[in-house]
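Chemist: Structure: work24.cif, mmCIF, C-alpha atoms and all ligand atoms.
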data_run
loop_
_atom_site.label_atom_id
_atom_site.label_comp_id
_atom_site.auth_asym_id
_atom_site.auth_seq_id
_atom_site.Cartn_x
_atom_site.Cartn_y
_atom_site.Cartn_z
CA MET A 7 -8.13 -8.99 22.86
CA ILE A 8 -5.84 -9.48 19.84
CA GLY A 9 -4.99 -13.00 18.78
CA GLU A 10 -2.95 -14.32 15.91
CA LEU A 11 -1.21 -12.13 13.36
CA ASN A 12 -3.40 -12.82 10.34
CA HIS A 13 -1.27 -10.95 7.82
CA VAL A 14 1.15 -8.16 7.07
CA ALA A 15 0.15 -6.12 4.02
CA ILE A 16 2.76 -4.61 1.72
CA ALA A 17 1.85 -2.06 -0.94
CA VAL A 18 3.81 -2.77 -4.11
CA PRO A 19 4.20 -0.72 -7.31
CA ASP A 20 4.53 -3.85 -9.50
CA LEU A 21 2.34 -6.76 -8.42
CA ARG A 22 3.74 -9.23 -10.93
CA LYS A 23 7.33 -8.50 -9.97
CA ALA A 24 6.54 -8.74 -6.26
CA SER A 25 4.63 -12.03 -6.73
CA LEU A 26 7.50 -13.53 -8.68
CA GLN A 27 9.99 -12.49 -6.02
CA TYR A 28 7.99 -14.20 -3.24
CA LYS A 29 7.41 -17.25 -5.44
CA ASP A 30 10.73 -17.77 -7.17
CA VAL A 31 13.29 -16.12 -4.90
CA PHE A 32 11.70 -16.74 -1.50
CA GLY A 33 10.07 -20.03 -2.55
CA ALA A 34 6.71 -19.18 -0.98
CA ASP A 35 3.20 -20.37 -1.85
CA VAL A 36 1.73 -17.41 -3.78
CA SER A 37 -1.90 -17.03 -4.96
CA GLU A 38 -3.19 -15.65 -8.23
CA PRO A 39 -4.10 -11.93 -8.11
CA LEU A 40 -7.59 -11.23 -6.74
CA ALA A 41 -9.37 -7.97 -7.64
CA LEU A 42 -11.33 -6.41 -4.77
CA PRO A 43 -12.90 -3.31 -6.37
CA GLU A 44 -14.86 -2.37 -3.21
CA HIS A 45 -11.51 -2.04 -1.38
CA GLY A 46 -9.69 -0.39 -4.30
CA VAL A 47 -7.03 -3.10 -4.42
CA THR A 48 -5.77 -6.12 -6.26
CA VAL A 49 -4.28 -8.52 -3.76
CA VAL A 50 -1.91 -11.50 -3.94
CA PHE A 51 -1.74 -13.76 -0.89
CA VAL A 52 1.61 -15.19 0.16
CA ASN A 53 0.78 -18.15 2.39
CA LEU A 54 3.36 -18.74 5.10
CA PRO A 55 3.26 -21.62 7.60
CA ASN A 56 2.27 -19.28 10.47
CA SER A 57 0.75 -16.24 8.78
CA LYS A 58 0.29 -14.47 5.44
CA ILE A 59 1.72 -11.57 3.52
CA GLU A 60 -0.69 -9.63 1.34
CA LEU A 61 0.78 -7.82 -1.63
CA LEU A 62 -1.50 -4.87 -2.38
CA HIS A 63 -1.69 -2.95 -5.62
CA PRO A 64 -4.06 -0.05 -6.35
CA LEU A 65 -7.27 -0.73 -8.28
CA GLY A 66 -9.00 2.45 -9.49
CA GLU A 67 -8.20 6.12 -9.08
CA GLU A 68 -9.73 6.43 -5.60
CA SER A 69 -7.57 3.66 -4.12
CA SER A 70 -5.95 4.53 -0.80
CA ILE A 71 -3.04 2.32 -1.91
CA LYS A 72 -2.46 4.67 -4.82
CA LYS A 73 -2.01 7.56 -2.36
CA PHE A 74 0.30 5.41 -0.25
CA LEU A 75 2.47 4.56 -3.28
CA ASP A 76 2.57 8.23 -4.30
CA LYS A 77 4.30 8.85 -0.95
CA ASN A 78 6.28 5.57 -0.99
CA PRO A 79 7.07 4.88 -4.66
CA ALA A 80 9.22 1.81 -3.95
CA GLY A 81 6.41 0.25 -1.88
CA GLY A 82 6.26 -0.32 1.85
CA ILE A 83 4.54 -2.02 4.77
CA HIS A 84 0.95 -0.78 4.71
CA HIS A 85 -0.78 -2.47 7.66
CA LEU A 86 -0.80 -5.33 10.15
CA CYS A 87 -3.86 -7.49 10.72
CA PHE A 88 -4.67 -9.16 14.03
CA GLU A 89 -7.50 -11.59 14.61
CA VAL A 90 -10.04 -10.86 17.33
CA GLY A 91 -12.64 -13.18 18.83
CA ASP A 92 -15.38 -10.52 18.98
CA ILE A 93 -14.93 -7.56 16.63
CA MET A 94 -17.87 -5.59 18.05
CA ALA A 95 -16.56 -5.92 21.61
CA ALA A 96 -13.07 -4.93 20.42
CA SER A 97 -14.47 -1.89 18.62
CA LYS A 98 -16.46 -0.81 21.69
CA LYS A 99 -13.44 -1.13 23.95
CA LEU A 100 -11.18 0.85 21.60
CA LEU A 101 -13.75 3.63 21.10
CA SER A 102 -14.18 3.89 24.88
CA LYS A 103 -10.42 4.48 25.14
CA GLY A 104 -10.55 7.27 22.55
CA HIS A 105 -9.19 5.28 19.60
CA ARG A 106 -10.39 6.22 16.15
CA ILE A 107 -11.82 3.68 13.70
CA LEU A 108 -11.42 4.58 10.05
CA GLY A 109 -14.27 4.94 7.54
CA SER A 110 -17.82 4.55 8.78
CA GLY A 111 -16.57 3.01 12.04
CA LYS A 112 -18.59 -0.12 11.28
CA PRO A 113 -17.02 -3.45 10.30
CA ARG A 114 -17.03 -4.30 6.61
CA ILE A 115 -16.19 -7.47 4.74
CA GLY A 116 -12.45 -7.82 4.13
CA ALA A 117 -10.32 -9.80 1.70
CA HIS A 118 -11.04 -13.12 3.47
CA GLY A 119 -14.83 -12.72 3.59
CA LYS A 120 -14.78 -11.81 7.27
CA GLU A 121 -15.61 -8.59 9.13
CA VAL A 122 -12.73 -6.13 9.46
CA LEU A 123 -12.05 -2.71 10.98
CA PHE A 124 -9.09 -0.36 10.52
CA LEU A 125 -7.65 1.62 13.45
CA HIS A 126 -6.11 5.05 13.00
CA PRO A 127 -2.28 4.85 12.72
CA LYS A 128 -1.85 7.94 14.91
CA ASP A 129 -3.43 6.04 17.82
CA ASN A 130 -1.05 3.10 17.24
CA PHE A 131 2.49 4.46 17.07
CA GLY A 132 2.32 5.05 13.34
CA ALA A 133 1.08 1.59 12.35
CA LEU A 134 -2.20 1.09 10.51
CA ILE A 135 -3.89 -1.85 12.23
CA GLU A 136 -6.65 -4.03 10.82
CA LEU A 137 -8.73 -6.18 13.13
CA GLU A 138 -10.39 -9.23 11.61
CA GLN A 139 -13.15 -11.31 13.15
CA LYS A 140 -11.66 -14.76 13.77
CO CO F 1 -5.41 -6.51 5.42
#
Can the structure from this file be put into structure tokens for me?

Modeler:
Amino acid sequence: MIGELNHVAIAVPDLRKASLQYKDVFGADVSEPLALPEHGVTVVFVNLPNSKIELLHPLGEESSIKKFLDKNPAGGIHHLCFEVGDIMAASKKLLSKGHRILGSGKPRIGAHGKEVLFLHPKDNFGALIELEQK
């Protein structure tokens, strides 16, 4: 069901500092910050040859990233994103096995303009998993 690792998302307390580290110290290709108010985040994409890192910073008071940083003030790995060929089929299969899908349970449009779902970390050994329609 799952295909390529699309990205690893890291919540960071200082987006500028984190961007500069990936750009200047690690020598990676780093995007400009992109505000995604409907997801409560500002995101910077770090483009790697085989995947991406997303640096996430809270946008707005209701941001789930804000809550995450309250618990992890230095930042931390927030979620992994895997591509799937058929997000509705994947969702159906997971629900039939008792997995929980966060939010409304329906796919919504993610940072790359494609449908995404988030799976409950407690069903996945503590890791928040995002599935993205390939
Ligand atoms: Co993501």

Chemist: From the options A:Ala80, A:Ile71, A:Leu21, A:Leu100, which residue's atoms come nearest to A:Phe51, counting all atoms listed in the file?

Modeler: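 Between A:Ala80, A:Ile71, A:Leu21, A:Leu100, the residue approaching A:Phe51 most closely is A:Leu21.
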
Chemist: One decimal, in Å: what's the spacing between atom CA of A:Leu75 and atom CA of A:His63?

Modeler: 8.9 Å

Chemist: Could you list, as a ChimeraX atom specification, every residue within 6 Å of stretch 131-137 of chain A, counting all atoms listed in the file and ignoring same-chain residues fewer than 4 positions away?

Modeler: /A:85-89,122-125,127

Chemist: Show me, as an mmCIF file with C-alpha atoms, in the coordinates of the input, the residues that have an atom within 10 Å of A:Gly109 when counting only C-alpha atoms, minus same-chain residues fewer than 2 positions from it.

Modeler:
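This is the output file out_24.cif:
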data_model
loop_
_atom_site.group_PDB
_atom_site.id
_atom_site.type_symbol
_atom_site.label_atom_id
_atom_site.label_comp_id
_atom_site.auth_asym_id
_atom_site.auth_seq_id
_atom_site.Cartn_x
_atom_site.Cartn_y
_atom_site.Cartn_z
ATOM 1 C CA ARG A 106 -10.390 6.220 16.150
ATOM 2 C CA ILE A 107 -11.820 3.680 13.700
ATOM 3 C CA GLY A 111 -16.570 3.010 12.040
ATOM 4 C CA LYS A 112 -18.590 -0.120 11.280
ATOM 5 C CA PRO A 113 -17.020 -3.450 10.300
ATOM 6 C CA ARG A 114 -17.030 -4.300 6.610
ATOM 7 C CA LEU A 123 -12.050 -2.710 10.980
ATOM 8 C CA PHE A 124 -9.090 -0.360 10.520
ATOM 9 C CA LEU A 125 -7.650 1.620 13.450
ATOM 10 C CA HIS A 126 -6.110 5.050 13.000
#

Chemist: Around the point (2.3, -12.9, 5.2) in the file's coordinates, collect all residues with an atom within 8 Å, using only C-alpha atoms, and return them as an mmCIF file with C-alpha atoms, keeping the file's coordinate frame.

Modeler:
data_model
loop_
_atom_site.group_PDB
_atom_site.id
_atom_site.type_symbol
_atom_site.label_atom_id
_atom_site.label_comp_id
_atom_site.auth_asym_id
_atom_site.auth_seq_id
_atom_site.Cartn_x
_atom_site.Cartn_y
_atom_site.Cartn_z
ATOM 1 C CA ASN A 12 -3.400 -12.820 10.340
ATOM 2 C CA HIS A 13 -1.270 -10.950 7.820
ATOM 3 C CA VAL A 14 1.150 -8.160 7.070
ATOM 4 C CA ALA A 15 0.150 -6.120 4.020
ATOM 5 C CA PHE A 51 -1.740 -13.760 -0.890
ATOM 6 C CA VAL A 52 1.610 -15.190 0.160
ATOM 7 C CA ASN A 53 0.780 -18.150 2.390
ATOM 8 C CA LEU A 54 3.360 -18.740 5.100
ATOM 9 C CA SER A 57 0.750 -16.240 8.780
ATOM 10 C CA LYS A 58 0.290 -14.470 5.440
ATOM 11 C CA ILE A 59 1.720 -11.570 3.520
ATOM 12 C CA GLU A 60 -0.690 -9.630 1.340
#

Chemist: Taking the block above, write stretch 89-102 of chain A with all heavy atoms as a PDB file, in the first residue's frame.

Modeler:
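New file out_7.pdb:
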ATOM      1  N   GLU A  89       3.652   8.079   0.264  1.00  0.00           N
ATOM      2  CA  GLU A  89       2.740   8.178  -0.882  1.00  0.00           C
ATOM      3  C   GLU A  89       1.928   6.893  -1.015  1.00  0.00           C
ATOM      4  O   GLU A  89       2.443   5.808  -0.738  1.00  0.00           O
ATOM      5  CB  GLU A  89       3.552   8.397  -2.171  1.00  0.00           C
ATOM      6  CG  GLU A  89       4.286   9.726  -2.160  1.00  0.00           C
ATOM      7  CD  GLU A  89       5.147   9.936  -3.402  1.00  0.00           C
ATOM      8  OE1 GLU A  89       5.169   9.067  -4.302  1.00  0.00           O
ATOM      9  OE2 GLU A  89       5.808  10.986  -3.450  1.00  0.00           O
ATOM     10  N   VAL A  90       0.679   7.059  -1.424  1.00  0.00           N
ATOM     11  CA  VAL A  90      -0.161   5.892  -1.721  1.00  0.00           C
ATOM     12  C   VAL A  90      -0.811   6.086  -3.091  1.00  0.00           C
ATOM     13  O   VAL A  90      -1.117   7.214  -3.493  1.00  0.00           O
ATOM     14  CB  VAL A  90      -1.273   5.670  -0.659  1.00  0.00           C
ATOM     15  CG1 VAL A  90      -0.687   5.185   0.664  1.00  0.00           C
ATOM     16  CG2 VAL A  90      -2.121   6.903  -0.443  1.00  0.00           C
ATOM     17  N   GLY A  91      -1.023   4.982  -3.777  1.00  0.00           N
ATOM     18  CA  GLY A  91      -1.600   5.037  -5.129  1.00  0.00           C
ATOM     19  C   GLY A  91      -3.078   5.366  -5.105  1.00  0.00           C
ATOM     20  O   GLY A  91      -3.599   5.969  -6.047  1.00  0.00           O
ATOM     21  N   ASP A  92      -3.796   4.947  -4.052  1.00  0.00           N
ATOM     22  CA  ASP A  92      -5.244   5.170  -3.972  1.00  0.00           C
ATOM     23  C   ASP A  92      -5.596   5.487  -2.517  1.00  0.00           C
ATOM     24  O   ASP A  92      -5.736   4.588  -1.688  1.00  0.00           O
ATOM     25  CB  ASP A  92      -5.980   3.911  -4.453  1.00  0.00           C
ATOM     26  CG  ASP A  92      -7.498   4.099  -4.464  1.00  0.00           C
ATOM     27  OD1 ASP A  92      -8.008   5.003  -3.776  1.00  0.00           O
ATOM     28  OD2 ASP A  92      -8.175   3.315  -5.161  1.00  0.00           O
ATOM     29  N   ILE A  93      -5.718   6.763  -2.222  1.00  0.00           N
ATOM     30  CA  ILE A  93      -5.889   7.191  -0.820  1.00  0.00           C
ATOM     31  C   ILE A  93      -7.218   6.713  -0.238  1.00  0.00           C
ATOM     32  O   ILE A  93      -7.304   6.387   0.950  1.00  0.00           O
ATOM     33  CB  ILE A  93      -5.689   8.727  -0.686  1.00  0.00           C
ATOM     34  CG1 ILE A  93      -5.398   9.096   0.772  1.00  0.00           C
ATOM     35  CG2 ILE A  93      -6.876   9.500  -1.225  1.00  0.00           C
ATOM     36  CD1 ILE A  93      -4.813  10.470   0.972  1.00  0.00           C
ATOM     37  N   MET A  94      -8.263   6.628  -1.053  1.00  0.00           N
ATOM     38  CA  MET A  94      -9.557   6.165  -0.541  1.00  0.00           C
ATOM     39  C   MET A  94      -9.494   4.681  -0.192  1.00  0.00           C
ATOM     40  O   MET A  94     -10.022   4.255   0.829  1.00  0.00           O
ATOM     41  CB  MET A  94     -10.686   6.458  -1.547  1.00  0.00           C
ATOM     42  CG  MET A  94     -11.004   7.942  -1.717  1.00  0.00           C
ATOM     43  SD  MET A  94     -11.107   8.917  -0.164  1.00  0.00           S
ATOM     44  CE  MET A  94     -12.560   8.186   0.593  1.00  0.00           C
ATOM     45  N   ALA A  95      -8.829   3.899  -1.047  1.00  0.00           N
ATOM     46  CA  ALA A  95      -8.679   2.466  -0.769  1.00  0.00           C
ATOM     47  C   ALA A  95      -7.823   2.260   0.482  1.00  0.00           C
ATOM     48  O   ALA A  95      -8.133   1.406   1.321  1.00  0.00           O
ATOM     49  CB  ALA A  95      -8.051   1.760  -1.975  1.00  0.00           C
ATOM     50  N   ALA A  96      -6.778   3.065   0.623  1.00  0.00           N
ATOM     51  CA  ALA A  96      -5.900   2.963   1.796  1.00  0.00           C
ATOM     52  C   ALA A  96      -6.687   3.286   3.057  1.00  0.00           C
ATOM     53  O   ALA A  96      -6.598   2.574   4.066  1.00  0.00           O
ATOM     54  CB  ALA A  96      -4.719   3.921   1.644  1.00  0.00           C
ATOM     55  N   SER A  97      -7.494   4.337   3.002  1.00  0.00           N
ATOM     56  CA  SER A  97      -8.288   4.762   4.147  1.00  0.00           C
ATOM     57  C   SER A  97      -9.283   3.667   4.543  1.00  0.00           C
ATOM     58  O   SER A  97      -9.420   3.331   5.722  1.00  0.00           O
ATOM     59  CB  SER A  97      -8.967   6.080   3.771  1.00  0.00           C
ATOM     60  OG  SER A  97     -10.223   6.200   4.325  1.00  0.00           O
ATOM     61  N   LYS A  98      -9.932   3.072   3.564  1.00  0.00           N
ATOM     62  CA  LYS A  98     -10.913   2.010   3.808  1.00  0.00           C
ATOM     63  C   LYS A  98     -10.258   0.811   4.485  1.00  0.00           C
ATOM     64  O   LYS A  98     -10.769   0.257   5.462  1.00  0.00           O
ATOM     65  CB  LYS A  98     -11.483   1.577   2.451  1.00  0.00           C
ATOM     66  CG  LYS A  98     -12.953   1.250   2.470  1.00  0.00           C
ATOM     67  CD  LYS A  98     -13.456   1.125   1.047  1.00  0.00           C
ATOM     68  CE  LYS A  98     -14.676   0.215   1.019  1.00  0.00           C
ATOM     69  NZ  LYS A  98     -15.147  -0.001  -0.350  1.00  0.00           N
ATOM     70  N   LYS A  99      -9.086   0.444   3.969  1.00  0.00           N
ATOM     71  CA  LYS A  99      -8.378  -0.709   4.525  1.00  0.00           C
ATOM     72  C   LYS A  99      -7.981  -0.453   5.977  1.00  0.00           C
ATOM     73  O   LYS A  99      -8.172  -1.303   6.848  1.00  0.00           O
ATOM     74  CB  LYS A  99      -7.138  -0.997   3.675  1.00  0.00           C
ATOM     75  CG  LYS A  99      -6.362  -2.212   4.160  1.00  0.00           C
ATOM     76  CD  LYS A  99      -5.192  -2.526   3.264  1.00  0.00           C
ATOM     77  CE  LYS A  99      -4.402  -3.707   3.828  1.00  0.00           C
ATOM     78  NZ  LYS A  99      -3.221  -3.993   3.013  1.00  0.00           N
ATOM     79  N   LEU A 100      -7.430   0.748   6.243  1.00  0.00           N
ATOM     80  CA  LEU A 100      -6.985   1.073   7.596  1.00  0.00           C
ATOM     81  C   LEU A 100      -8.163   1.123   8.570  1.00  0.00           C
ATOM     82  O   LEU A 100      -8.079   0.602   9.685  1.00  0.00           O
ATOM     83  CB  LEU A 100      -6.224   2.400   7.594  1.00  0.00           C
ATOM     84  CG  LEU A 100      -4.844   2.286   6.942  1.00  0.00           C
ATOM     85  CD1 LEU A 100      -4.344   3.641   6.489  1.00  0.00           C
ATOM     86  CD2 LEU A 100      -3.855   1.640   7.900  1.00  0.00           C
ATOM     87  N   LEU A 101      -9.267   1.733   8.145  1.00  0.00           N
ATOM     88  CA  LEU A 101     -10.450   1.803   9.018  1.00  0.00           C
ATOM     89  C   LEU A 101     -10.968   0.404   9.323  1.00  0.00           C
ATOM     90  O   LEU A 101     -11.353   0.108  10.456  1.00  0.00           O
ATOM     91  CB  LEU A 101     -11.540   2.664   8.370  1.00  0.00           C
ATOM     92  CG  LEU A 101     -11.256   4.169   8.333  1.00  0.00           C
ATOM     93  CD1 LEU A 101     -12.305   4.890   7.485  1.00  0.00           C
ATOM     94  CD2 LEU A 101     -11.219   4.773   9.730  1.00  0.00           C
ATOM     95  N   SER A 102     -10.917  -0.488   8.330  1.00  0.00           N
ATOM     96  CA  SER A 102     -11.414  -1.854   8.536  1.00  0.00           C
ATOM     97  C   SER A 102     -10.537  -2.612   9.536  1.00  0.00           C
ATOM     98  O   SER A 102     -10.969  -3.567  10.146  1.00  0.00           O
ATOM     99  CB  SER A 102     -11.488  -2.606   7.201  1.00  0.00           C
ATOM    100  OG  SER A 102     -10.191  -3.035   6.820  1.00  0.00           O
TER     101      SER A 102
END
